[in-house]
Amino acid sequence: MYIARTLEELRQHMARFDQPAFVPTMGNLHEGHLALVRHARTLGDVTVASIFVNRLQFLPHEDFDTYPRTFESDCERLQAQGCDVVFAPSEATLYPEAQTFKVHPDAALADVLEGHFRPGFFTGVCTVVMKLFQCVFSEARGQRHAVFGKKDYQQLMVVRHMVRQFALPVQIHGLDTERTAEGLALSSRNHYLSAAEKQEAIQLSVALKTLAASVLGGEHNLNALEHHAAHALAARGWQVDYLTVRRRADLQPPAPNGFRAGELVALGAARLGSTRLIDNLEF
Ligand code: PAF
């Protein structure tokens with residue numbers, strides 16, 4: 001497995017390949033990331049993962065400084081999956097000067113849900129993803145692939161929208177969320193949970209399932225359902241940012257009685273102790 005630290009190293013190495021399949025990550029890899037890498041291996045003629053904790057997508061009070069950096073074990077795990085190339089630039093390499101040009105996504109998609117609670121998050125994500133695409137794909141002559149997890153559902157939608165609007169020659173693949181046997185969505189931030197919190201954390205996916213089942217069961221007063229779901233989690237000690245049912249197509253609230261199963265997604269974000277978790281369920 002080749003490890004590139006600079007753009008020059010990466011581009012020189014990538015010039016040998018035609019169809020890269022790319023998995024962007026911030027490291028601290030878990031089985032969810034590895035499933036993305038395994039899928040990427042089926043797509044192109046070279047599999048690339050990036051490891052870069054992107055300061056631009058963290059708010060000042062968030063966990064940028066303490067975000068786990070586990071480079072050695074990440075590389076071992078990537079190698080075991082058959083990843084060919086790791087791009088691990090330093091901040092000075094990726095942002096050699098203040099990144100004043102940024103990609104500002106459409107507010108209707110990016111200022112709701114996660115974007116509402118983490119203002120600027122999707123600008124940070126789009127800017128780094130655009131930049132990583134320029135680094136990883138600049139030498140490619142054939143089809144370029146990038147693989148993202150549906151765990152970050154809104155991120156996947158925003159990236160797809162960016163790729164469409166800028167006509168980027170990149171095919172985006174969204175993969176289902178990997179979960180523990182109990183149903184907890186795998187996340188780098190699960191690492192912050194105590195053993196007792198890990199048990200409780202499953203309740204976020206339970207709340208989403210209950211929400212979806214109620215809608216499928218014919219209850220169409222979404223405001224009341226969402227309110228009830230948030231109240232039930234709060235009663236267990238969670239601080240709920242949102243628990244909501246949206247249209248998959250644009251993440252807007254569905255019109256009352258104007259929706260069908262197969263078009264919706266339940267999304268949630270809530271804090272358990274000091275750890276903020278997100279999850280979603282298509283239905
Ligand atoms: O999903 C992530 O880990 C990050 O948001 C990403 C896509 C690697 C951009 O920093």
# chains A, B, ... in the order shown; residues from 1 in each chain; ligands from 1
call {"tool": "closest_atom_pairs", "arguments": {"of": "range 125-221 of chain A", "to": "range 90-93 of chain A", "cutoff": "12 Å", "atoms": "only C-alpha atoms", "output": "Markdown table"}}
result
| residue | atom | partner | partner_atom | distance |
| --- | --- | --- | --- | --- |
| A:Val128 | CA | A:Glu91 | CA | 11.2 |
| A:Lys131 | CA | A:Thr93 | CA | 11.5 |
| A:Leu132 | CA | A:Thr93 | CA | 11.5 |
| A:Cys135 | CA | A:Thr93 | CA | 11.1 |
call {"tool": "select_by_dssp", "arguments": {"residues": "range 147-244 of chain A", "states": "strand (DSSP E or B)", "output": "list of chain:residue names"}}
result
A:Val147, A:Phe148, A:Gly149, A:Val170, A:Gln171, A:Ile172, A:His173, A:Gly174, A:Leu175, A:Arg179, A:Ala185, A:Gln239, A:Val240, A:Asp241, A:Tyr242, A:Leu243, A:Thr244
call {"tool": "residues_near_ligand", "arguments": {"ligand": "ligand 1", "cutoff": "8 Å", "atoms": "only C-alpha atoms and all ligand atoms", "output": "list of chain:residue names"}}
result
A:Val23, A:Pro24, A:Thr25, A:Met26, A:Gly27, A:Ser50, A:Ile51, A:Phe52, A:Val53, A:Asn54, A:Gln57, A:Gly124, A:Val125, A:Cys126, A:Val128, A:Val129, A:Phe148, A:Gly149, A:Asp152, A:Gln155
call {"tool": "write_last_selection", "arguments": {"atoms": "C-alpha atoms", "output": "mmCIF file, in the first residue's frame"}}
result
data_model
loop_
_atom_site.group_PDB
_atom_site.id
_atom_site.type_symbol
_atom_site.label_atom_id
_atom_site.label_comp_id
_atom_site.auth_asym_id
_atom_site.auth_seq_id
_atom_site.Cartn_x
_atom_site.Cartn_y
_atom_site.Cartn_z
ATOM 1 C CA VAL A 23 -13.057 6.736 -0.110
ATOM 2 C CA PRO A 24 -12.564 10.025 1.754
ATOM 3 C CA THR A 25 -12.240 9.633 5.535
ATOM 4 C CA MET A 26 -11.104 11.503 8.604
ATOM 5 C CA GLY A 27 -9.405 8.361 9.929
ATOM 6 C CA SER A 50 -7.741 9.677 2.264
ATOM 7 C CA ILE A 51 -7.135 10.337 5.937
ATOM 8 C CA PHE A 52 -7.500 13.989 6.779
ATOM 9 C CA VAL A 53 -9.214 15.597 9.779
ATOM 10 C CA ASN A 54 -10.712 18.639 8.116
ATOM 11 C CA GLN A 57 -15.990 21.338 8.995
ATOM 12 C CA GLY A 124 -16.355 22.727 5.106
ATOM 13 C CA VAL A 125 -17.280 19.281 3.795
ATOM 14 C CA CYS A 126 -17.873 20.425 0.192
ATOM 15 C CA VAL A 128 -12.501 19.593 1.276
ATOM 16 C CA VAL A 129 -14.292 17.002 -0.873
ATOM 17 C CA PHE A 148 -19.679 7.598 0.847
ATOM 18 C CA GLY A 149 -21.746 6.046 3.646
ATOM 19 C CA ASP A 152 -24.067 10.738 6.886
ATOM 20 C CA GLN A 155 -23.625 14.776 3.499
#
call {"tool": "residues_around", "arguments": {"residues": "Ala21 in chain A", "least_positions_apart": "2", "cutoff": "12 Å", "atoms": "only C-alpha atoms", "output": "VMD selection string"}}
result
chain A and resid 14 17 to 19 23 to 24 36 to 50 83 to 86 133 136 to 137 140 142 to 148 170 to 173
call {"tool": "residues_around", "arguments": {"residues": "Asn280 in chain A", "least_positions_apart": "6", "cutoff": "12 Å", "atoms": "only C-alpha atoms", "output": "ChimeraX atom specification"}}
result
/A:113,149-154,176-179,183-185,204-212,242-246,248,251,264-270
call {"tool": "residues_around", "arguments": {"residues": "Val240 in chain A", "least_positions_apart": "4", "cutoff": "12 Å", "atoms": "only C-alpha atoms", "output": "ChimeraX atom specification"}}
result
/A:113,117,203-204,207,226-236,244,267-273,275-278
call {"tool": "write_last_selection", "arguments": {"atoms": "N, CA, C and O atoms", "output": "compact mmCIF listing (two decimals), in the first residue's frame"}}
result
# COMPACT_ATOMS: atom_id res chain seq x y z
N LEU A 113 -31.40 20.65 9.19
CA LEU A 113 -30.95 19.45 9.93
C LEU A 113 -29.51 19.65 10.43
O LEU A 113 -29.25 20.53 11.24
N PHE A 117 -27.83 22.85 12.91
CA PHE A 117 -27.18 22.72 14.21
C PHE A 117 -25.66 22.88 14.12
O PHE A 117 -25.01 23.10 15.14
N GLN A 203 -30.96 3.38 21.32
CA GLN A 203 -32.31 3.97 21.37
C GLN A 203 -32.53 5.01 20.26
O GLN A 203 -33.67 5.28 19.89
N LEU A 204 -31.47 5.55 19.73
CA LEU A 204 -31.66 6.51 18.63
C LEU A 204 -32.22 5.78 17.41
O LEU A 204 -33.18 6.23 16.78
N ALA A 207 -35.79 4.82 18.06
CA ALA A 207 -36.72 5.96 17.88
C ALA A 207 -37.04 6.16 16.40
O ALA A 207 -38.19 6.43 16.03
N GLU A 226 -43.15 13.40 15.56
CA GLU A 226 -41.77 13.83 15.80
C GLU A 226 -41.62 14.36 17.23
O GLU A 226 -40.64 14.07 17.91
N HIS A 227 -42.63 15.12 17.63
CA HIS A 227 -42.60 15.69 18.98
C HIS A 227 -42.60 14.56 20.02
O HIS A 227 -41.82 14.58 20.98
N HIS A 228 -43.45 13.58 19.79
CA HIS A 228 -43.56 12.45 20.71
C HIS A 228 -42.23 11.68 20.78
O HIS A 228 -41.75 11.33 21.86
N ALA A 229 -41.63 11.44 19.61
CA ALA A 229 -40.37 10.69 19.55
C ALA A 229 -39.26 11.45 20.30
O ALA A 229 -38.48 10.85 21.06
N ALA A 230 -39.20 12.76 20.10
CA ALA A 230 -38.16 13.57 20.76
C ALA A 230 -38.38 13.56 22.27
O ALA A 230 -37.42 13.45 23.05
N HIS A 231 -39.63 13.65 22.65
CA HIS A 231 -39.98 13.67 24.07
C HIS A 231 -39.56 12.34 24.74
O HIS A 231 -38.99 12.33 25.84
N ALA A 232 -39.82 11.24 24.03
CA ALA A 232 -39.50 9.92 24.59
C ALA A 232 -37.98 9.76 24.77
O ALA A 232 -37.53 9.24 25.80
N LEU A 233 -37.20 10.24 23.80
CA LEU A 233 -35.73 10.14 23.96
C LEU A 233 -35.24 11.08 25.06
O LEU A 233 -34.37 10.70 25.86
N ALA A 234 -35.81 12.28 25.10
CA ALA A 234 -35.40 13.25 26.13
C ALA A 234 -35.68 12.68 27.52
O ALA A 234 -34.88 12.87 28.45
N ALA A 235 -36.77 11.95 27.64
CA ALA A 235 -37.13 11.37 28.94
C ALA A 235 -36.09 10.33 29.38
O ALA A 235 -35.97 10.01 30.56
N ARG A 236 -35.31 9.79 28.43
CA ARG A 236 -34.26 8.82 28.76
C ARG A 236 -32.93 9.52 29.02
O ARG A 236 -31.90 8.87 29.14
N THR A 244 -36.88 13.54 12.78
CA THR A 244 -37.81 14.07 11.78
C THR A 244 -37.95 13.14 10.58
O THR A 244 -37.05 12.35 10.29
N LEU A 267 -34.68 10.91 10.08
CA LEU A 267 -33.31 11.31 10.45
C LEU A 267 -33.31 11.81 11.88
O LEU A 267 -34.27 12.47 12.32
N GLY A 268 -32.23 11.51 12.58
CA GLY A 268 -32.14 11.97 13.96
C GLY A 268 -30.73 12.36 14.34
O GLY A 268 -29.75 11.81 13.81
N ALA A 269 -30.65 13.34 15.24
CA ALA A 269 -29.38 13.73 15.85
C ALA A 269 -29.66 14.05 17.30
O ALA A 269 -30.62 14.77 17.60
N ALA A 270 -28.88 13.49 18.19
CA ALA A 270 -29.11 13.73 19.61
C ALA A 270 -27.82 13.48 20.38
O ALA A 270 -26.95 12.74 19.91
N ARG A 271 -27.75 14.15 21.51
CA ARG A 271 -26.54 14.06 22.32
C ARG A 271 -26.80 13.13 23.50
O ARG A 271 -27.82 13.26 24.18
N LEU A 272 -25.88 12.20 23.68
CA LEU A 272 -25.96 11.29 24.83
C LEU A 272 -24.73 11.60 25.67
O LEU A 272 -23.60 11.37 25.22
N GLY A 273 -24.94 12.15 26.87
CA GLY A 273 -23.80 12.68 27.63
C GLY A 273 -23.18 13.77 26.77
O GLY A 273 -23.87 14.67 26.29
N THR A 275 -21.62 13.14 23.88
CA THR A 275 -21.40 12.63 22.52
C THR A 275 -22.63 12.86 21.65
O THR A 275 -23.73 12.45 22.00
N ARG A 276 -22.41 13.52 20.51
CA ARG A 276 -23.52 13.76 19.59
C ARG A 276 -23.53 12.65 18.55
O ARG A 276 -22.53 12.41 17.87
N LEU A 277 -24.68 11.99 18.43
CA LEU A 277 -24.81 10.88 17.48
C LEU A 277 -25.84 11.24 16.42
O LEU A 277 -26.80 11.98 16.71
N ILE A 278 -25.65 10.71 15.21
CA ILE A 278 -26.67 10.87 14.17
C ILE A 278 -26.99 9.50 13.59
O ILE A 278 -26.17 8.58 13.65
call {"tool": "select_by_dssp", "arguments": {"residues": "range 122-215 of chain A", "states": "alpha helix (DSSP H)", "output": "number ranges by chain"}}
result
A: 122-137, 153-165, 195-215
call {"tool": "closest_residue", "arguments": {"among": "A:Asn223, A:Met130, A:Gly82, A:Ala110", "to": "Val163 in chain A", "atoms": "only C-alpha atoms"}}
result
A:Met130
call {"tool": "closest_residue", "arguments": {"among": "A:Ala213, A:Ala255, A:Leu193, A:Leu175", "to": "Phe283 in chain A", "atoms": "only C-alpha atoms"}}
result
A:Ala213
call {"tool": "closest_residue", "arguments": {"among": "A:Asp111, A:Trp238, A:Phe58, A:Leu94", "to": "Gln252 in chain A", "atoms": "only C-alpha atoms"}}
result
A:Asp111
call {"tool": "closest_residue", "arguments": {"among": "A:Leu216, A:Pro89, A:Ser188, A:Asp250", "to": "His161 in chain A", "atoms": "only C-alpha atoms"}}
result
A:Asp250
call {"tool": "residues_around", "arguments": {"residues": "Pro105 in chain A", "least_positions_apart": "2", "cutoff": "7 Å", "atoms": "only C-alpha atoms", "output": "PyMOL selection string"}}
result
chain A and resi 103+107+110+122-123
call {"tool": "residues_around", "arguments": {"residues": "His13 in chain A", "least_positions_apart": "6", "cutoff": "10 Å", "atoms": "only C-alpha atoms", "output": "ChimeraX atom specification"}}
result
/A:2-4,7,85,139
call {"tool": "decode", "arguments": {"residues": "range 261-283 of chain A", "atoms": "N, CA and C atoms", "output": "PDB file, in the first residue's frame"}}
result
ATOM      1  N   ALA A 261     -44.611   5.384   0.990  1.00  0.00           N
ATOM      2  CA  ALA A 261     -43.477   4.595   1.486  1.00  0.00           C
ATOM      3  C   ALA A 261     -42.473   4.440   0.350  1.00  0.00           C
ATOM      4  N   GLY A 262     -41.213   4.423   0.692  1.00  0.00           N
ATOM      5  CA  GLY A 262     -40.174   4.301  -0.340  1.00  0.00           C
ATOM      6  C   GLY A 262     -39.638   5.655  -0.754  1.00  0.00           C
ATOM      7  N   GLU A 263     -40.289   6.739  -0.282  1.00  0.00           N
ATOM      8  CA  GLU A 263     -39.834   8.085  -0.666  1.00  0.00           C
ATOM      9  C   GLU A 263     -39.292   8.858   0.530  1.00  0.00           C
ATOM     10  N   LEU A 264     -39.338   8.223   1.699  1.00  0.00           N
ATOM     11  CA  LEU A 264     -39.074   8.980   2.927  1.00  0.00           C
ATOM     12  C   LEU A 264     -37.815   8.505   3.638  1.00  0.00           C
ATOM     13  N   VAL A 265     -37.352   9.349   4.545  1.00  0.00           N
ATOM     14  CA  VAL A 265     -36.234   8.967   5.407  1.00  0.00           C
ATOM     15  C   VAL A 265     -36.482   9.618   6.771  1.00  0.00           C
ATOM     16  N   ALA A 266     -36.276   8.833   7.819  1.00  0.00           N
ATOM     17  CA  ALA A 266     -36.333   9.395   9.180  1.00  0.00           C
ATOM     18  C   ALA A 266     -34.900   9.693   9.587  1.00  0.00           C
ATOM     19  N   LEU A 267     -34.676  10.911  10.079  1.00  0.00           N
ATOM     20  CA  LEU A 267     -33.313  11.314  10.448  1.00  0.00           C
ATOM     21  C   LEU A 267     -33.311  11.810  11.884  1.00  0.00           C
ATOM     22  N   GLY A 268     -32.226  11.506  12.583  1.00  0.00           N
ATOM     23  CA  GLY A 268     -32.137  11.968  13.963  1.00  0.00           C
ATOM     24  C   GLY A 268     -30.731  12.363  14.338  1.00  0.00           C
ATOM     25  N   ALA A 269     -30.654  13.342  15.242  1.00  0.00           N
ATOM     26  CA  ALA A 269     -29.376  13.725  15.848  1.00  0.00           C
ATOM     27  C   ALA A 269     -29.661  14.048  17.296  1.00  0.00           C
ATOM     28  N   ALA A 270     -28.875  13.488  18.189  1.00  0.00           N
ATOM     29  CA  ALA A 270     -29.111  13.728  19.610  1.00  0.00           C
ATOM     30  C   ALA A 270     -27.820  13.483  20.377  1.00  0.00           C
ATOM     31  N   ARG A 271     -27.750  14.150  21.506  1.00  0.00           N
ATOM     32  CA  ARG A 271     -26.540  14.056  22.320  1.00  0.00           C
ATOM     33  C   ARG A 271     -26.802  13.132  23.502  1.00  0.00           C
ATOM     34  N   LEU A 272     -25.883  12.196  23.683  1.00  0.00           N
ATOM     35  CA  LEU A 272     -25.956  11.289  24.827  1.00  0.00           C
ATOM     36  C   LEU A 272     -24.731  11.603  25.675  1.00  0.00           C
ATOM     37  N   GLY A 273     -24.945  12.150  26.872  1.00  0.00           N
ATOM     38  CA  GLY A 273     -23.801  12.681  27.626  1.00  0.00           C
ATOM     39  C   GLY A 273     -23.175  13.769  26.774  1.00  0.00           C
ATOM     40  N   SER A 274     -21.876  13.648  26.510  1.00  0.00           N
ATOM     41  CA  SER A 274     -21.243  14.711  25.714  1.00  0.00           C
ATOM     42  C   SER A 274     -21.055  14.284  24.255  1.00  0.00           C
ATOM     43  N   THR A 275     -21.621  13.138  23.883  1.00  0.00           N
ATOM     44  CA  THR A 275     -21.402  12.628  22.518  1.00  0.00           C
ATOM     45  C   THR A 275     -22.629  12.863  21.651  1.00  0.00           C
ATOM     46  N   ARG A 276     -22.408  13.522  20.510  1.00  0.00           N
ATOM     47  CA  ARG A 276     -23.521  13.764  19.592  1.00  0.00           C
ATOM     48  C   ARG A 276     -23.528  12.655  18.546  1.00  0.00           C
ATOM     49  N   LEU A 277     -24.676  11.993  18.432  1.00  0.00           N
ATOM     50  CA  LEU A 277     -24.814  10.883  17.480  1.00  0.00           C
ATOM     51  C   LEU A 277     -25.840  11.245  16.421  1.00  0.00           C
ATOM     52  N   ILE A 278     -25.653  10.708  15.212  1.00  0.00           N
ATOM     53  CA  ILE A 278     -26.668  10.873  14.170  1.00  0.00           C
ATOM     54  C   ILE A 278     -26.989   9.501  13.588  1.00  0.00           C
ATOM     55  N   ASP A 279     -28.190   9.392  13.041  1.00  0.00           N
ATOM     56  CA  ASP A 279     -28.586   8.141  12.403  1.00  0.00           C
ATOM     57  C   ASP A 279     -29.752   8.454  11.468  1.00  0.00           C
ATOM     58  N   ASN A 280     -30.096   7.488  10.619  1.00  0.00           N
ATOM     59  CA  ASN A 280     -31.242   7.685   9.730  1.00  0.00           C
ATOM     60  C   ASN A 280     -31.764   6.335   9.268  1.00  0.00           C
ATOM     61  N   LEU A 281     -32.959   6.367   8.737  1.00  0.00           N
ATOM     62  CA  LEU A 281     -33.593   5.127   8.264  1.00  0.00           C
ATOM     63  C   LEU A 281     -34.475   5.458   7.070  1.00  0.00           C
ATOM     64  N   GLU A 282     -34.153   4.881   5.927  1.00  0.00           N
ATOM     65  CA  GLU A 282     -35.003   5.069   4.735  1.00  0.00           C
ATOM     66  C   GLU A 282     -36.220   4.148   4.848  1.00  0.00           C
ATOM     67  N   PHE A 283     -37.372   4.642   4.447  1.00  0.00           N
ATOM     68  CA  PHE A 283     -38.537   3.760   4.464  1.00  0.00           C
ATOM     69  C   PHE A 283     -39.559   4.205   3.433  1.00  0.00           C
TER      70      PHE A 283
END
